[in-house]
file structure38.csv (CSV, C-alpha atoms (C1' of nucleotides))
chain,number,residue,atom,x,y,z
A,18,MET,CA,-1.0,-3.8,4.9
A,19,LYS,CA,2.1,-1.9,4.2
A,20,THR,CA,3.4,1.2,5.9
A,21,GLU,CA,6.6,3.0,5.9
A,22,PRO,CA,7.9,3.1,9.4
A,23,GLU,CA,9.0,6.7,8.9
A,24,SER,CA,5.4,7.7,8.7
A,25,TRP,CA,3.7,5.0,10.8
A,26,SER,CA,5.5,2.1,12.5
A,27,VAL,CA,4.5,-0.8,14.7
A,28,ASP,CA,5.9,1.1,17.6
A,29,ASP,CA,3.6,4.1,16.8
A,30,PHE,CA,0.8,1.6,17.2
A,31,LEU,CA,2.1,0.7,20.7
A,32,LYS,CA,2.1,4.4,21.7
A,33,ALA,CA,-1.3,5.2,20.3
A,34,PRO,CA,-4.4,5.3,22.5
A,35,LYS,CA,-5.9,1.8,22.6
A,36,LYS,CA,-3.1,0.8,20.1
A,37,THR,CA,-5.6,2.0,17.5
A,38,THR,CA,-5.2,4.2,14.4
A,39,HIS,CA,-7.1,5.5,11.4
A,40,TRP,CA,-5.4,3.9,8.4
A,41,ASP,CA,-5.7,7.0,6.2
A,42,GLY,CA,-3.9,8.1,3.1
A,43,VAL,CA,-4.5,5.2,0.8
A,44,ARG,CA,-4.8,6.6,-2.7
A,45,ASN,CA,-5.1,3.7,-4.9
A,46,TYR,CA,-8.4,2.5,-6.2
A,47,GLN,CA,-7.8,-1.2,-5.9
A,48,ALA,CA,-6.7,-0.8,-2.3
A,49,ARG,CA,-9.6,1.6,-1.7
A,50,ASN,CA,-12.1,-1.0,-2.8
A,51,MET,CA,-10.7,-3.5,-0.3
A,52,LEU,CA,-10.8,-0.9,2.5
A,53,ARG,CA,-14.4,0.0,1.6
A,54,ASP,CA,-15.9,-3.3,0.7
A,55,GLU,CA,-13.9,-6.2,2.0
A,56,MET,CA,-12.3,-5.5,5.3
A,57,LYS,CA,-14.8,-6.5,8.0
A,58,LEU,CA,-14.8,-6.1,11.8
A,59,GLY,CA,-12.4,-8.5,13.5
A,60,HIS,CA,-10.5,-9.3,10.3
A,61,GLU,CA,-6.8,-9.8,11.1
A,62,VAL,CA,-4.1,-7.8,9.3
A,63,LEU,CA,-0.4,-8.3,9.0
A,64,VAL,CA,1.5,-5.1,9.3
A,65,TYR,CA,4.5,-4.8,7.0
A,66,HIS,CA,7.2,-2.2,7.0
A,67,SER,CA,8.2,-1.1,3.5
A,68,ASN,CA,11.2,1.0,2.7
A,69,ALA,CA,12.7,-0.3,5.9
A,70,GLU,CA,16.0,-1.9,6.9
A,71,PRO,CA,15.1,-4.7,6.5
A,72,PRO,CA,11.6,-4.6,5.1
A,73,ALA,CA,9.6,-7.0,7.3
A,74,ILE,CA,6.3,-8.2,8.6
A,75,VAL,CA,6.3,-6.8,12.1
A,76,GLY,CA,3.0,-7.3,13.7
A,77,LEU,CA,-0.6,-8.4,13.8
A,78,ALA,CA,-3.6,-6.0,13.9
A,79,GLU,CA,-7.3,-6.3,13.6
A,80,VAL,CA,-10.1,-4.2,12.0
A,81,VAL,CA,-12.0,-2.4,14.7
A,82,ARG,CA,-14.0,-0.1,12.4
A,83,GLU,CA,-15.0,-0.9,8.8
A,84,GLY,CA,-14.5,1.3,5.8
A,85,TYR,CA,-15.6,4.9,6.1
A,86,PRO,CA,-14.7,8.1,4.4
A,87,ASP,CA,-11.1,9.3,4.8
A,88,PRO,CA,-11.4,13.0,5.7
A,89,SER,CA,-7.8,13.8,4.9
A,90,SER,CA,-8.8,13.8,1.2
A,91,TRP,CA,-10.6,17.1,1.7
A,92,ASP,CA,-8.1,18.6,4.1
A,93,LYS,CA,-6.1,21.2,2.2
A,94,SER,CA,-3.3,21.0,4.7
A,95,SER,CA,-3.0,17.3,4.4
A,96,HIS,CA,-0.3,15.5,2.3
A,97,TYR,CA,-3.2,13.3,1.2
A,98,PHE,CA,-5.4,16.1,-0.1
A,99,ASP,CA,-7.3,15.3,-3.2
A,100,GLU,CA,-9.0,18.1,-5.1
A,101,GLY,CA,-12.6,17.6,-5.8
A,102,THR,CA,-13.4,15.3,-2.8
A,103,SER,CA,-15.7,16.4,0.0
A,104,PRO,CA,-18.0,14.9,2.6
A,105,ASP,CA,-20.6,14.9,-0.3
A,106,ASN,CA,-18.2,13.6,-2.8
A,107,VAL,CA,-16.2,10.8,-1.1
A,108,ARG,CA,-13.5,9.1,-3.1
A,109,TRP,CA,-11.2,7.6,-0.5
A,110,TYR,CA,-11.8,5.3,2.4
A,111,MET,CA,-10.0,4.1,5.5
A,112,VAL,CA,-10.5,1.6,8.3
A,113,ASP,CA,-9.5,1.7,11.9
A,114,LEU,CA,-6.9,-0.8,13.0
A,115,ARG,CA,-5.9,-2.0,16.5
A,116,LEU,CA,-2.5,-3.6,17.0
A,117,LYS,CA,-3.0,-7.0,18.6
A,118,GLU,CA,0.7,-8.0,18.8
A,119,LYS,CA,4.1,-6.7,17.9
A,120,PHE,CA,6.0,-9.7,16.8
A,121,ALA,CA,8.8,-10.9,19.0
A,122,GLN,CA,10.5,-12.0,15.8
A,123,PRO,CA,9.7,-9.7,12.8
A,124,ILE,CA,10.0,-11.7,9.6
A,125,PRO,CA,12.4,-10.0,7.2
A,126,LEU,CA,11.6,-10.0,3.5
A,127,PRO,CA,14.6,-12.2,2.5
A,128,GLN,CA,13.3,-14.9,4.9
A,129,LEU,CA,9.8,-14.6,3.4
A,130,ARG,CA,11.3,-15.0,-0.1
A,131,GLU,CA,13.2,-18.1,0.6
A,132,ASP,CA,10.3,-19.9,2.4
A,133,PRO,CA,8.7,-22.4,0.0
A,134,GLN,CA,5.5,-22.4,2.1
A,135,LEU,CA,4.9,-18.8,1.0
A,136,ASP,CA,5.2,-19.4,-2.7
A,137,GLY,CA,2.6,-17.3,-4.6
A,138,MET,CA,2.2,-14.7,-1.8
A,139,GLU,CA,1.3,-11.4,-3.5
A,140,LEU,CA,3.8,-9.4,-1.4
A,141,LEU,CA,6.6,-11.5,-2.9
A,142,ARG,CA,5.7,-10.9,-6.5
A,143,LYS,CA,8.1,-8.8,-8.4
A,144,GLY,CA,6.8,-5.3,-8.7
A,145,SER,CA,4.1,-5.8,-6.1
A,146,ARG,CA,3.2,-2.4,-4.9
A,147,LEU,CA,-0.3,-2.5,-3.6
A,148,SER,CA,-0.5,-1.3,-0.1
A,149,VAL,CA,-3.4,-3.4,0.9
A,150,GLN,CA,-3.2,-7.0,-0.1
A,151,SER,CA,-5.2,-10.1,0.8
A,152,VAL,CA,-3.3,-13.0,2.3
A,153,SER,CA,-4.4,-16.7,2.0
A,154,SER,CA,-5.3,-18.3,5.3
A,155,ALA,CA,-2.5,-20.9,4.8
A,156,HIS,CA,0.1,-18.2,4.3
A,157,PHE,CA,-1.3,-16.2,7.2
A,158,ALA,CA,-1.1,-19.1,9.6
A,159,HIS,CA,2.4,-19.9,8.5
A,160,ILE,CA,3.5,-16.3,9.1
A,161,LEU,CA,2.0,-16.3,12.5
A,162,ARG,CA,4.0,-19.5,13.3
A,163,LEU,CA,7.2,-18.0,12.0
A,164,ALA,CA,6.7,-14.9,14.1
A,165,GLY,CA,6.2,-16.9,17.2
A,166,ALA,CA,2.8,-15.2,17.5
A,167,LYS,CA,0.8,-15.9,20.7
B,23,DG,C1',20.9,6.6,-5.8
B,24,DC,C1',19.2,3.4,-9.3
B,25,DC,C1',15.7,1.5,-11.7
B,26,DA,C1',11.8,-1.9,-12.7
B,27,DA,C1',7.1,-2.2,-12.2
B,28,DC,C1',2.9,-0.1,-12.0
B,29,DG,C1',-0.9,3.5,-12.0
B,30,DT,C1',-2.5,7.8,-13.9
B,31,DT,C1',-3.0,11.4,-17.1
B,32,DG,C1',-4.0,13.5,-21.3
B,33,DG,C1',-3.2,14.2,-26.3
B,34,DC,C1',-4.8,12.3,-30.3
C,23,DG,C1',-9.6,3.6,-27.0
C,24,DC,C1',-4.5,3.7,-27.5
C,25,DC,C1',-0.3,4.7,-25.6
C,26,DA,C1',3.6,7.8,-24.4
C,27,DA,C1',5.0,10.5,-20.8
C,28,DC,C1',5.2,11.0,-16.2
C,29,DG,C1',4.9,10.2,-11.1
C,30,DT,C1',5.2,6.8,-7.4
C,31,DT,C1',6.6,2.7,-5.0
C,32,DG,C1',9.9,0.2,-3.0
C,33,DG,C1',13.6,-3.4,-3.3
C,34,DC,C1',18.3,-3.4,-3.8
call {"tool": "encode", "arguments": {"input": "structure38.csv", "output": "structure tokens"}}
result
Amino acid sequence: MKTEPESWSVDDFLKAPKKTTHWDGVRNYQARNMLRDEMKLGHEVLVYHSNAEPPAIVGLAEVVREGYPDPSSWDKSSHYFDEGTSPDNVRWYMVDLRLKEKFAQPIPLPQLREDPQLDGMELLRKGSRLSVQSVSSAHFAHILRLAGAK
DNA sequence: GCCAACGTTGGC
DNA sequence: GCCAACGTTGGC
């Protein structure tokens, strides 16, 4: 899952109570479907910093609450407000994530790109913008090794 | 700051 | 249903 560290970073996870956050603000239908339908309790998540210097995979999190309505969509003061949504007309969903580990060695995008073991990874596709992506178990395991994950 | 890729909107 | 215009994402 991607995040801009300016808005939410792996260090913000460390500061959060129980290292847990609501992953709100996703406003893309494909990503919404994954949040709502596919992400299950205990699923592991790689945390990626986009628009960062350098862009990098920076940590490992897990799903601690499965998809449920994202109330920021009917909060007029929210940047993520979406007219027409309400508790009775839910459009956007979020999950809760808990950080399991901040990587000792974040893996910068250029390193990911040059690693043949990661060929075909969606993140590395040109023009890949989806903020929630699935990662194959082989790629996932390889990334954990690169990161020196515990 | 540039711009390619992508998603959404809305006229027709 | 097509597609041009527009807005956003995000690497560089």
call {"tool": "interface_residues", "arguments": {"input": "structure38.csv", "of": "chain C", "to": "chain A", "cutoff": "10 Å", "atoms": "only C-alpha atoms (C1' of nucleotides)", "output": "number ranges by chain"}}
result
C: 30-33
call {"tool": "atom_distance", "arguments": {"input": "structure38.csv", "atom1": "CA of Phe157 in chain A", "atom2": "CA of Leu63 in chain A"}}
result
8.2 Å
call {"tool": "residues_around", "arguments": {"input": "structure38.csv", "residues": "Ser103 in chain A", "least_positions_apart": "5", "cutoff": "10 Å", "atoms": "only C-alpha atoms (C1' of nucleotides)", "output": "list in words"}}
result
Pro86, Asp87, Pro88, Ser89, Ser90, Trp91, Asp92, Arg108 and Trp109 of chain A
call {"tool": "atom_distance", "arguments": {"input": "structure38.csv", "atom1": "CA of Val43 in chain A", "atom2": "CA of Leu58 in chain A"}}
result
18.8 Å
call {"tool": "residues_around", "arguments": {"input": "structure38.csv", "residues": "Leu135 in chain A", "least_positions_apart": "3", "cutoff": "10 Å", "atoms": "all atoms listed in the file", "output": "PyMOL selection string"}}
result
chain A and resi 129-132+138-141+153+155-157+159-160
call {"tool": "atom_distance", "arguments": {"input": "structure38.csv", "atom1": "CA of Asp105 in chain A", "atom2": "CA of Glu55 in chain A"}}
result
22.3 Å
call {"tool": "decode", "arguments": {"input": "structure38.csv", "residues": "range 58-72 of chain A", "atoms": "C-alpha atoms", "output": "PDB file, in the first residue's frame"}}
result
ATOM      1  CA  LEU A  58      -7.522 -10.103   9.147  1.00  0.00           C
ATOM      2  CA  GLY A  59      -3.844 -10.920   9.531  1.00  0.00           C
ATOM      3  CA  HIS A  60      -2.942 -10.278   5.904  1.00  0.00           C
ATOM      4  CA  GLU A  61       0.469  -8.696   5.640  1.00  0.00           C
ATOM      5  CA  VAL A  62       1.024  -5.408   3.870  1.00  0.00           C
ATOM      6  CA  LEU A  63       4.138  -3.735   2.533  1.00  0.00           C
ATOM      7  CA  VAL A  64       4.214  -0.016   3.223  1.00  0.00           C
ATOM      8  CA  TYR A  65       5.558   2.082   0.370  1.00  0.00           C
ATOM      9  CA  HIS A  66       6.491   5.763   0.454  1.00  0.00           C
ATOM     10  CA  SER A  67       5.542   7.461  -2.798  1.00  0.00           C
ATOM     11  CA  ASN A  68       6.558  10.988  -3.701  1.00  0.00           C
ATOM     12  CA  ALA A  69       9.496  10.508  -1.389  1.00  0.00           C
ATOM     13  CA  GLU A  70      13.236  10.858  -1.707  1.00  0.00           C
ATOM     14  CA  PRO A  71      13.801   8.149  -2.540  1.00  0.00           C
ATOM     15  CA  PRO A  72      10.527   6.329  -3.057  1.00  0.00           C
TER      16      PRO A  72
END
